[in-house]
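These notes are about the structure you will find just below.
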There are 2 protein chains.
Amino acid sequence: MSEPSEKVHDDLGEAVLIAMRRLMRAVDLHSKRLMLSHGLTGPQLLVLKALDGGACAVGELARKVRLSQPTAAEILARLQRRGLVVRSRSHSDRRCVLNRLSASGARKLREAPPLLQEAFTARFAGLAQDEQQRLLTSLQRLAELMDAETLDAAPLLSSGGVVDGAEPGVSEEAVVPPVIEGGH
Amino acid sequence: MSEPSEKVHDDLGEAVLIAMRRLMRAVDLHSKRLMLSHGLTGPQLLVLKALDGGACAVGELARKVRLSQPTAAEILARLQRRGLVVRSRSHSDRRCVLNRLSASGARKLREAPPLLQEAFTARFAGLAQDEQQRLLTSLQRLAELMDAETLDAAPLLSSGGVVDGAEPGVSEEAVVPPVIEGGH
DNA sequence: TGCAATTATATCGTGTACGATATATTTTGC
DNA sequence: GCAAAATATATCGTACACGATATAATTGCA
C-alpha cells in the first residue's frame, strides 16, 4: 500500500506536515463515525471520561483534556443540551461552573468503550507490541516538536498527563445547587 | 519530558488516540500562527500550492489535497474573496469551475515557504535523517490504519490504488472566461 | 430528439477549535 | 469598606471539516 503519490524526494519536513494533515483527517472521520455509531464524537467522549473521576470546573477540565476554555465550554454545552452532563454553579465560588455526569451520561460512557474498540483500536492492538510502542513514541515526539513551537515563550511548568489520576475530589460543593439553564 | 504516561500498561491504543488528538491540536495552533505571521493557514497554503501546477477544478483539487469537496470549495471561496485565486467556469464543460492562482496569490505563495520553514520544519530538519524517516513512516502507518477504517465499506475496486497522481491536463479551457462573482 | 442517469459544484447543518473580548465574581490593597 | 486586580466563564467571529442534499450541466440510451 505504501502511498505511491507522496513524492518523498528530500524534503521530509513537508512530507511530514502533509502526513500529519492526512492523519488529522482520518482521526476526524473516525470521530464522525463514532458519532453515527453511538452518538458521541471523540472529543465528547474524552470530556465525559474526564468527568468520570468527579465533577470539575470548565477551566480545570479544559486543562485536563488539553483544549482551550472556549472549546471545552462549547462541548460541555452540547453535552448538557443532550442531558449527558449537569452544570451548576459552585456556591462556594459562584464564578465556577461545576460539570458532572448525569445518570444517562454515565450510562453512555459505560456503553462506549466496546464500540470504540471496534475498528481502529482493534486493528492497532493487532500490531506487535514494540511496533505499537514505536508509533506512540513517534507521535509524542512530533507533538513535542510542535508544542515546543507553541510554548516557545511559555513557562513550561505545565505537564501532567491527560489521564489525571484518581483524584476523586468531588468536593462538597457538588451538592447540586440550582441547575443552570441551557439557553443559548 | 517523554510523557509521564501514567497508565501505559497495555492500553496503548487509547494512549495513541490521545497522542493523535494532542498532535492535531498542535498542528492546528501551528496553522493559526501561520495565519498571524503571513495571512495564510496551513490548508490555504496547501491549496495554493496545489494550484501552483496549473488551474484545476474543485473536485480535482479536493482529491489532490485529500479534502472533501465542500471543504475545498469553502477554502477556495475564502481565497477568492481575498483575491488570491480566480475562479471561472470552463466553457467546454460549464459544470466545472476552474481555479487559478491570481498574480497576488502566486506572489504570496512565493513568499510563504521561508516563513513556513521558521519553526517546526527547521526543528524537524535538525533531527537525524533516519529519525525523520522513522517519524514519517509512523505517521503514514497510523494514517493507513485509520484510513482502512474509513474505506472499510468502500468499493476497493481499484486494485492499482487511488493514486490520482499529477495529471497536469489543465487543458485549454483555462482561457479565463467571465469571472464568477464571489457573493455568498 | 428527449429524458434519465451521471457528474460537478453549491449550500445547509453540525461539530471542533481558537483568540479576543465581555461579564460576573472573588480577592487584594489601601 | 471599597475600588482595582485577578480569576472564571460566556460570547463573538473566524476557520476548518464533513455528510446530506439541492442545483446545474453533460452524457447516454432508447
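If you're wondering about the labels, chains in the C-alpha cells are A, B, ... by order shown, residues count from 1 in each chain, ligands from 1 in order shown.
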Test item: chain A residues at most 6 Å from chain B, counting only C-alpha atoms, as a list of chain:residue names: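 Every residue of chain A that passes the 6 Å test is in A:Ser5, A:Gly13, A:Val16, A:Leu23, A:Met24, A:Ala26, A:Thr121, A:Leu135, A:Leu136, A:Ser138, A:Ala143, A:Met146, A:Asp147.
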Residues of chain C within 12 Å of chain A, counting only C-alpha atoms (C1' of nucleotides), what are they? List them as a PyMOL selection string. chain C and resi 14-20+23-27
Segment 64-121 of chain A: which residues are strand (DSSP E or B) by DSSP, as a ChimeraX atom specification? /A:85-89,97-101
Taking only C-alpha atoms (C1' of nucleotides) into account, report as a list of chain:residue names which residues of chain D lie within 9 Å of chain A.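 Taking only C-alpha atoms (C1' of nucleotides) into account, D:DT7, D:DA8, D:DT9, D:DA10, D:DA17, D:DC18 sit within 9 Å of chain A.
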Since we have the selection now, will you write its residues out, keeping C-alpha atoms (C1' of nucleotides), as an mmCIF file, in the first residue's frame?
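Saved to selection33.cif:
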```cif
data_model
loop_
_atom_site.group_PDB
_atom_site.id
_atom_site.type_symbol
_atom_site.label_atom_id
_atom_site.label_comp_id
_atom_site.auth_asym_id
_atom_site.auth_seq_id
_atom_site.Cartn_x
_atom_site.Cartn_y
_atom_site.Cartn_z
ATOM 1 C "C1'" DT D 7 -9.930 34.796 38.030
ATOM 2 C "C1'" DA D 8 -13.715 32.060 35.706
ATOM 3 C "C1'" DT D 9 -16.913 31.632 32.372
ATOM 4 C "C1'" DA D 10 -19.588 33.156 28.334
ATOM 5 C "C1'" DA D 17 -14.116 19.711 8.017
ATOM 6 C "C1'" DC D 18 -17.703 16.686 6.917
#
```
Expressed in Å to a single decimal, how great is the separation between atom CA of Ser31 of chain B and atom CA of Gly39 of chain A? 29.3 Å
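Relative to atom C1' of DA20 of chain D, atom CA of Leu76 of chain A is found at 26.1 Å.
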